[in-house]
Amino acid sequence: MNGLPITLDLQPRIDAALAALRTGQGAQALSDHAFSNLYLFREAHAYRFLPGEWPGVAGRTYDGATHFMPLFDIGTAPLPVLDALIETHGCLYPVAEHQTQVLPAGRFVWSANEDDADYLYAAESFRDYAGRALAKKRNLVRQFLAHHVPEAVPFGPAVEAAAREVLAGWMVQKGKGAGEADEHACLEAIAHAGRFGLEGFVYFVQSQPVAFVLAQALEPGVFAIRFAKGLDSHVGIYPFMFQHFCRSFARPVLWLNFEQDMGNPGFRRSKRSYAPQALLAKWRVSKVG
């Protein structure tokens, strides 16, 4: 297989390239543009790192399309280079909206699959769940707080075991076997949280861990929610957890990015129930003809 496996040794090089793509994009920064995302889901997408003058990561989308993720601003690359990358790998993906504007329409075509789009929310909407659209979330938080007195502990090595306990309980409640769902990626995220810049909280009720959230700053004030796990036995834990993160995180929280729904109907219903401000398209660029 061409390219190099995605290993932790590659983090400095890949992270620097992806940080350059995110810088200045604010809330429009794509959740995919982070080394942690590539590493944690390297097997699911068969990711391989391709070094060289125009480096990138080759992989396969959830719907089976082969692609090349450029680790450079495509506006700086000669058009024949982009032609060759598309011919070899199928398409360039994910390409942010602003990047498509530098491409000549007569030579390239771009399309987006709604299953890939990131869900973007103004953090303000989580702080009070104001308005009719979020009334159910508001009521769930009230119900949760009426029955429980939660304690939130900032994520760190001291609560890694508690987070793993929550994950194990979540797997049982969801009827998942070992290695199913995103268990492996989540365990690696817990183990490497500090290295990947994952931050958040573990939540306890009567000294028992019941939920955790791990988020990653894409831009100042813009956080991708990488993992959020809560026990269904504690109704309302999810809207409470997101509200608490937006209200109590150590730095200002302006936007939350819930990543894509992968075409999963359950994920789609859940993410849309929080009334997203926008869906951020991730474009697939191919050649005309």
# chains A, B, ... in the order shown; residues from 1 in each chain; ligands from 1

$ residues_around --residues "region 78-90 of chain A" --least-positions-apart "3" --cutoff "12 Å" --atoms "only C-alpha atoms" --output "ChimeraX atom specification"
/A:2,48,50,52-61,64-70,72-75,93,102-104,107-110,284-289

$ residues_around --residues "Ile190 (chain A)" --least-positions-apart "3" --cutoff "8 Å" --atoms "only C-alpha atoms" --output "list in words"
Glu160, Ala163, Arg164, Cys186, Leu187 and Ala193 of chain A

$ residues_around --residues "region 129-136 of chain A" --least-positions-apart "3" --cutoff "8 Å" --atoms "only C-alpha atoms" --output "ChimeraX atom specification"
/A:125-126,139-140,273-275

$ write_last_selection --atoms "N, CA and C atoms" --output "CSV table (one decimal), in the first residue's frame"
chain,number,residue,atom,x,y,z
A,125,SER,N,-26.5,29.4,22.3
A,125,SER,CA,-27.8,28.7,22.3
A,125,SER,C,-27.8,27.6,23.4
A,126,PHE,N,-26.7,27.1,23.8
A,126,PHE,CA,-26.6,26.0,24.8
A,126,PHE,C,-26.7,26.6,26.2
A,139,ASN,N,-36.1,21.7,29.3
A,139,ASN,CA,-36.8,20.9,30.3
A,139,ASN,C,-36.0,19.7,30.7
A,140,LEU,N,-35.2,19.1,29.8
A,140,LEU,CA,-34.4,18.0,30.2
A,140,LEU,C,-33.4,18.4,31.2
A,273,SER,N,-31.6,18.1,16.7
A,273,SER,CA,-32.5,18.4,17.8
A,273,SER,C,-31.9,19.6,18.6
A,274,TYR,N,-30.6,19.9,18.4
A,274,TYR,CA,-30.0,21.1,19.1
A,274,TYR,C,-30.0,22.3,18.2
A,275,ALA,N,-30.8,22.3,17.1
A,275,ALA,CA,-31.0,23.4,16.2
A,275,ALA,C,-29.7,24.1,15.8

$ residues_around --residues "Gln28 (chain A)" --least-positions-apart "2" --cutoff "10 Å" --atoms "only C-alpha atoms" --output "list in words"
Arg22, Gly24, Gln25, Gly26, Leu30, Ser31, Ala96, Glu97, His98, Asp118, Leu120, Leu218, Glu219, Val222, Trp255, Asn257, Ala278, Leu279, Leu280 and Ala281 of chain A

$ select_by_dssp --residues "region 82-115 of chain A" --states "alpha helix (DSSP H)" --output "ChimeraX atom specification"
/A:82-89,97-100

$ write_last_selection --atoms "all heavy atoms" --output "CSV table (one decimal), in the first residue's frame"
chain,number,residue,atom,x,y,z
A,82,LEU,N,-2.8,19.3,-9.1
A,82,LEU,CA,-4.1,18.9,-8.6
A,82,LEU,C,-4.7,17.9,-9.6
A,82,LEU,O,-5.4,16.9,-9.1
A,82,LEU,CB,-5.0,20.2,-8.5
A,82,LEU,CG,-4.5,21.3,-7.6
A,82,LEU,CD1,-5.6,22.4,-7.6
A,82,LEU,CD2,-4.3,20.7,-6.2
A,83,ASP,N,-4.5,18.0,-10.9
A,83,ASP,CA,-5.0,17.1,-11.8
A,83,ASP,C,-4.5,15.7,-11.5
A,83,ASP,O,-5.3,14.7,-11.5
A,83,ASP,CB,-4.6,17.4,-13.3
A,83,ASP,CG,-5.3,18.6,-13.8
A,83,ASP,OD1,-6.4,19.0,-13.4
A,83,ASP,OD2,-4.8,19.2,-14.8
A,84,ALA,N,-3.2,15.6,-11.3
A,84,ALA,CA,-2.6,14.3,-11.0
A,84,ALA,C,-3.1,13.7,-9.7
A,84,ALA,O,-3.3,12.5,-9.7
A,84,ALA,CB,-1.0,14.5,-11.0
A,85,LEU,N,-3.2,14.5,-8.7
A,85,LEU,CA,-3.7,14.0,-7.4
A,85,LEU,C,-5.1,13.4,-7.5
A,85,LEU,O,-5.5,12.4,-7.0
A,85,LEU,CB,-3.7,15.1,-6.3
A,85,LEU,CG,-2.3,15.5,-5.9
A,85,LEU,CD1,-2.4,16.7,-5.0
A,85,LEU,CD2,-1.6,14.3,-5.2
A,86,ILE,N,-6.0,14.1,-8.3
A,86,ILE,CA,-7.3,13.6,-8.5
A,86,ILE,C,-7.4,12.4,-9.3
A,86,ILE,O,-8.1,11.4,-9.0
A,86,ILE,CB,-8.2,14.7,-9.2
A,86,ILE,CG1,-8.4,15.9,-8.2
A,86,ILE,CG2,-9.5,14.2,-9.6
A,86,ILE,CD1,-9.0,17.1,-8.9
A,87,GLU,N,-6.5,12.3,-10.4
A,87,GLU,CA,-6.5,11.1,-11.2
A,87,GLU,C,-6.0,9.9,-10.4
A,87,GLU,O,-6.5,8.8,-10.6
A,87,GLU,CB,-5.5,11.4,-12.4
A,87,GLU,CG,-6.1,12.3,-13.4
A,87,GLU,CD,-5.1,12.7,-14.5
A,87,GLU,OE1,-3.9,12.2,-14.4
A,87,GLU,OE2,-5.4,13.5,-15.4
A,88,THR,N,-5.1,10.1,-9.5
A,88,THR,CA,-4.6,9.0,-8.7
A,88,THR,C,-5.5,8.6,-7.6
A,88,THR,O,-5.6,7.4,-7.3
A,88,THR,CB,-3.2,9.4,-8.1
A,88,THR,OG1,-2.3,9.8,-9.1
A,88,THR,CG2,-2.6,8.3,-7.2
A,89,HIS,N,-6.1,9.5,-6.9
A,89,HIS,CA,-6.9,9.2,-5.7
A,89,HIS,C,-8.4,9.4,-5.8
A,89,HIS,O,-9.1,9.0,-4.8
A,89,HIS,CB,-6.4,10.1,-4.6
A,89,HIS,CG,-4.9,10.0,-4.3
A,89,HIS,ND1,-4.4,8.9,-3.6
A,89,HIS,CD2,-3.8,10.8,-4.6
A,89,HIS,CE1,-3.1,9.0,-3.5
A,89,HIS,NE2,-2.7,10.1,-4.1
A,97,GLU,N,-15.1,25.5,1.9
A,97,GLU,CA,-15.9,26.4,1.0
A,97,GLU,C,-14.9,27.4,0.3
A,97,GLU,O,-14.9,27.6,-0.9
A,97,GLU,CB,-17.0,27.1,1.7
A,97,GLU,CG,-17.8,28.1,0.9
A,97,GLU,CD,-18.9,27.4,0.0
A,97,GLU,OE1,-19.4,26.3,0.4
A,97,GLU,OE2,-19.1,27.9,-1.1
A,98,HIS,N,-14.2,28.1,1.1
A,98,HIS,CA,-13.3,29.2,0.6
A,98,HIS,C,-12.3,28.7,-0.3
A,98,HIS,O,-11.8,29.4,-1.2
A,98,HIS,CB,-12.7,30.0,1.8
A,98,HIS,CG,-11.6,29.3,2.4
A,98,HIS,ND1,-11.7,28.4,3.4
A,98,HIS,CD2,-10.2,29.4,2.3
A,98,HIS,CE1,-10.6,27.9,3.8
A,98,HIS,NE2,-9.6,28.5,3.1
A,99,GLN,N,-11.9,27.4,-0.2
A,99,GLN,CA,-10.8,26.9,-1.1
A,99,GLN,C,-11.4,26.6,-2.5
A,99,GLN,O,-10.6,26.7,-3.5
A,99,GLN,CB,-10.2,25.6,-0.5
A,99,GLN,CG,-9.4,25.8,0.8
A,99,GLN,CD,-8.8,24.5,1.2
A,99,GLN,OE1,-9.5,23.6,1.7
A,99,GLN,NE2,-7.5,24.4,1.2
A,100,THR,N,-12.7,26.3,-2.6
A,100,THR,CA,-13.2,26.1,-3.9
A,100,THR,C,-13.2,27.3,-4.8
A,100,THR,O,-13.2,27.2,-6.0
A,100,THR,CB,-14.7,25.5,-3.8
A,100,THR,OG1,-15.5,26.5,-3.2
A,100,THR,CG2,-14.7,24.3,-2.9

$ atom_distance --atom1 "CA of His234 (chain A)" --atom2 "CA of Phe144 (chain A)"
7.1 Å

$ select_by_dssp --residues "region 61-260 of chain A" --states "strand (DSSP E or B)" --output "PyMOL selection string"
chain A and resi 66-70+92-95+108-112+118-122+150-154+198-205+208-219+222-230+255-257

$ closest_atom_pairs --of "region 223-284 of chain A" --to "region 145-151 of chain A" --cutoff "10 Å" --atoms "only C-alpha atoms" --output "Markdown table"
| residue | atom | partner | partner_atom | distance |
| --- | --- | --- | --- | --- |
| A:His234 | CA | A:His148 | CA | 8.5 |
| A:Val235 | CA | A:His147 | CA | 9.4 |
| A:Gly236 | CA | A:Leu145 | CA | 8.4 |
| A:Ile237 | CA | A:Leu145 | CA | 9.1 |
| A:Phe240 | CA | A:Leu145 | CA | 8.4 |
| A:Met241 | CA | A:Pro150 | CA | 9.9 |

$ residues_around --residues "Gln216 (chain A)" --least-positions-apart "3" --cutoff "9 Å" --atoms "only C-alpha atoms" --output "PyMOL selection string"
chain A and resi 196-200+222-226

$ atom_distance --atom1 "CA of Ala162 (chain A)" --atom2 "CA of Phe227 (chain A)"
14.4 Å

$ closest_residue --among "A:Met262, A:Ala217, A:Cys91, A:Ala168" --to "Asn113 (chain A)" --atoms "only C-alpha atoms"
A:Met262
